[in-house]
Structure formats: C-alpha cells, structure tokens
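Peer 1: Let me give you the structure first, and then I'll get to my questions.
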Amino acid sequence: MKKIEWKHLKGLHQLYKSKQTKLKITNNDFINQVILKQKKLIKFKVGNHSIIEASSRFKEYYEQEFLETYEYYNNFFEKSGIENDAKKSFDDEDLKALMFVFYNKEELKKNVTTEKKLSALIYKNQNSKYLSNKLSVKNAVLRILELDEFPEKDPKNNQWRFVVDCLNPKVIVLCENLDCLKVPLEYKNNNIELWYVGGNNTTPLEDISQDKLKLPIYYFCDWDYNGLLIYSNVKQIFRSKGIEVKIILPQTQEIAIEVGVKHHKSKWNDNEFSNLNKNDFSLQEIEFINQLISENKWIEEESLDLIKLLKNDNII
C-alpha cells in the first residue's frame with residue numbers, strides 16, 4: 001500500500017467517491033510528496049485547509065493504484081466484524097497482522113497457542129508481550145478467533161502451514177517469514193502461491209502430498225546462517241519426495257546489513273562455509289554466501305522484492 005495506512009486509504013476513497021475529505025491524509029509522506037505536491041492530484045480547498053479536494057485526474061489514478069487494495073481491506077473489515085472507521089489505533093502492521101489472523105483463522109484455531117507465542121508469530125520485530133500491551137489489537141484477535149481468552153499453556157505442537165491460494169498458480173514460494181502472507185493481494189495477482197510453515201518448524205512439509213508439488217517450488221528467506229540452514233532442511237525434505245527446491249537469490253549485496261543489528265540473533269560461525277552444506281547451493285550462491293560471511297553481513301527477506309526477483313529470472 002505504499003506505506004499508506006487504512007485511515008489514509010479511507011480518506012483517498014472519500015476523495016474518489018465524494019471528491020473531498022476532511023480526514024488528515026497529507027500527514028502521510030507518500031500522499032503529501034507524490035499525490036499532493038508531485039502529481040497535484042489533490043489540493044486544499046481555497047479558504048478552508050481542513051478540506052482536501054480531488055482534481056479531475058484523481059479518479060483514474062485512484063482506480064489504477066488503490067481501488068483494488070481498498071476493496072480488499074474493506075472486505076476484510078466487513079467479514080471480520082471489526083469496525084473500519086478512521087479513528088482506530090491500528091497501525092499498518094496491526095492491520096496486516098489482523099488480516100493474516102482472519103484469513104488463516106481456521107488453521108490458527110486448530111492450533112490455538114498462548115498469547116505470547118501468537119504475538120511473536122505475527123509481530124516479528126516486537127517482543128512477545130506486544131498483544132498484552134495493545135489491548136485493542138488483542139481483543140480484535142480474540143474476536144476473530146472466537147475466543148474469550150488465550151490458553152495459559154500451549155495445548156498443541158503448533159504444526160502450522162499457512163497458504164495464500166490463487167486461482168492459476170505458476171509457482172509456489174515457501175516463505176521463512178510471515179510478511180508476504182500479510183499482504184497477499186499482489187502475489188495472488190501475479191499467480192504466486194505462498195506457503196509458510198513456521199521457520200524452523202518444517203515438519204508440516206513432510207506430510208504434503210505429491211499432487212500439491214507439481215509446480216516449481218522456490219524458497220524465500222533471510223540470507224543469514226539460520227535462514228540458509230533451514231533452507232537445507234527444506235531441501236532435504238523435498239529431495240526425499242523427488243522434488244527440487246531452489247532458493248531465490250538476491251540481485252545485489254548492497255542491501256546487506258551488519259549481523260549485529262538489533263533484533264537479529266543469527267550469527268555466522270568460524271567453521272568452513274559456516275558449517276552450511278555446500279551441496280545445497282550453486283556456485284553462484286556459494287560465492288554470494290561467502291561474501292556475506294567475510295563481511296559479517298546478512299540480507300533480510302523483507303528488504304527483497306519477491307515479485308521483481310521472480311520476474312527478472314523469468315519464473316513468472
């Protein structure tokens with residue numbers, strides 16, 4: 001959504017429908033810099049800057065860039081029963097998390113976990129007490145899952161496999177992290193079926209039947225020790241099924257960051273190739289990994305444009 005939260009998208013939709021809005025949407029950088037100043041598709045009403053008006057060219061731009069996304073989010077609110085006014089304290093990450101819970105609620109309900117574990121699952125860069133500290137989000141999650149409260153202890157083994165289905169998939173991409181599955185619309189539109197099996201928890205892959213493995217399968221992950229180790233595990237599981245899985249290689253190392261960055265716990269070790277199995281990687285991938293190891297850097301999955309990488313390699 002070009003970093004546009006629901007309250008901003010709602011204001012843009014009011015402009016689309018009524019040609020004006022009183023919502024303070026220009027406090028969003030993209031709307032202020034691109035839509036207002038660069039493209040001049042909206043303007044403040046003369047004599048009343050509390051009202052924003054749409055230009056004659058705004059409708060076409062909105063339909064092309066935002067209408068489908070608005071309808072997708074609005075459909076979520078209508079189906080989930082969560083209020084969709086612009087005053088909710090949900091930020092962008094909260095909304096993505098709630099949508100993920102809603103569209104995967106049956107899988108989550110089968111494996112109901114503790115509040116802390118669910119919080120850690122859906123909020124990668126927050127501590128496990130995030131839901132406890134944000135009551136509005138916690139209550140919305142409970143409502144979606146039709147629960148009065150989370151259990152104090154884990155009753156299950158949390159063997160999740162979350163899937164973003166699409167009508168005519170060309171490729172399956174296994175994601176190490178949940179972020180892609182939180183905003184699945186553009187992946188559906190590009191015929192990409194996303195799977196998430198829970199990082200190190202790769203056990204659900206062992207039970208996948210052959211009829212679901214007819215498409216090319218790729219692995220999308222952090223390029224660090226833990227991510228590549230999990231890839232080797234995934235590769236071994238599929239190899240036993242006679243299926244070849246390939247890793248999605250970043251185009252550049254310019255986006256690599258220091259291993260010691262906050263929230264990052266995966267470290268390279270001092271052994272040859274950091275004790276990773278070279279047989280699981282191509283010569284190009286080995287060279288790429290060795291450079292990361294030598295510079296003590298890693299590449300975060302979220303910094304990669306999955307669709308662009310797949311298109312550049314003529315995969316989709």
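Starting from 1 in every chain, residues are counted up; chains themselves are A, B, ... following the order of the structure tokens, and ligands are numbered from 1 as listed.
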Which residues are close to Phe150 in chain A, i.e. within 8 Å by only C-alpha atoms, leaving aside same-chain residues fewer than 3 positions away? Reply as a PDB file with N, CA and C atoms, in the first residue's frame.

Peer 2:
ATOM      1  N   VAL A 112      -4.537 -23.553  18.598  1.00  0.00           N
ATOM      2  CA  VAL A 112      -4.574 -22.389  19.479  1.00  0.00           C
ATOM      3  C   VAL A 112      -3.368 -22.393  20.404  1.00  0.00           C
ATOM      4  N   THR A 113      -2.650 -21.266  20.427  1.00  0.00           N
ATOM      5  CA  THR A 113      -1.429 -21.169  21.207  1.00  0.00           C
ATOM      6  C   THR A 113      -1.563 -20.074  22.259  1.00  0.00           C
ATOM      7  N   THR A 114      -0.514 -19.862  23.036  1.00  0.00           N
ATOM      8  CA  THR A 114      -0.562 -18.835  24.067  1.00  0.00           C
ATOM      9  C   THR A 114      -0.499 -17.449  23.439  1.00  0.00           C
ATOM     10  N   GLU A 115      -0.896 -16.477  24.222  1.00  0.00           N
ATOM     11  CA  GLU A 115      -0.859 -15.089  23.752  1.00  0.00           C
ATOM     12  C   GLU A 115       0.550 -14.679  23.333  1.00  0.00           C
ATOM     13  N   LEU A 142      -8.814 -11.930  19.446  1.00  0.00           N
ATOM     14  CA  LEU A 142      -9.697 -12.854  20.159  1.00  0.00           C
ATOM     15  C   LEU A 142     -11.063 -12.938  19.474  1.00  0.00           C
ATOM     16  N   LEU A 147     -12.583 -16.506  20.547  1.00  0.00           N
ATOM     17  CA  LEU A 147     -12.092 -16.919  21.857  1.00  0.00           C
ATOM     18  C   LEU A 147     -12.425 -15.861  22.901  1.00  0.00           C
TER      19      LEU A 147
END

Peer 1: Using only C-alpha atoms, which residues sit within 7 Å of range 299-312 of chain A once same-chain residues fewer than 3 positions away are excluded, as a count of residues only?

Peer 2: 9

Peer 1: If you run DSSP over the backbone, which residues in range 170-217 of chain A end up strand (DSSP E)? Put them as number ranges by chain.

Peer 2: A: 171-175, 192-196, 217

Peer 1: Limited to C-alpha atoms, could you put the picked residues into a file as a PDB file, in the first residue's frame?

Peer 2:
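What ended up in part.pdb:
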ATOM      1  CA  VAL A 171       4.922 -21.149  -8.868  1.00  0.00           C
ATOM      2  CA  ILE A 172       4.986 -21.999  -5.144  1.00  0.00           C
ATOM      3  CA  VAL A 173       7.172 -19.899  -2.856  1.00  0.00           C
ATOM      4  CA  LEU A 174       7.973 -21.093   0.651  1.00  0.00           C
ATOM      5  CA  CYS A 175       8.482 -18.079   2.920  1.00  0.00           C
ATOM      6  CA  ILE A 192       2.246 -16.846  -6.880  1.00  0.00           C
ATOM      7  CA  GLU A 193       1.076 -19.318  -4.237  1.00  0.00           C
ATOM      8  CA  LEU A 194       2.718 -18.590  -0.875  1.00  0.00           C
ATOM      9  CA  TRP A 195       3.368 -21.160   1.847  1.00  0.00           C
ATOM     10  CA  TYR A 196       4.584 -20.572   5.377  1.00  0.00           C
ATOM     11  CA  ILE A 217       8.978 -24.566  -5.807  1.00  0.00           C
TER      12      ILE A 217
END

Peer 1: Considering only C-alpha atoms, return as a ChimeraX atom specification whatever protein or nucleic-acid residues lie within 8 Å of range 120-125 of chain A, sequence-local ones (same chain, fewer than 2 positions apart) excluded.

Peer 2: /A:93,97,116-118,127-128,130,178,263

Peer 1: Point out the residue among A:Trp268, A:Asn191, A:Gly227, A:Pro169 with the least atom-to-atom distance to Leu213 in chain A, counting only C-alpha atoms.

Peer 2: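 Smallest distance to Leu213 in chain A is found for A:Pro169.
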
Peer 1: In Å, rounded to a single decimal, give me how far CA of Glu295 in chain A is from CA of Glu254 in chain A.

Peer 2: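 Result for CA of Glu254 in chain A versus CA of Glu295 in chain A: 11.8 Å, one decimal.
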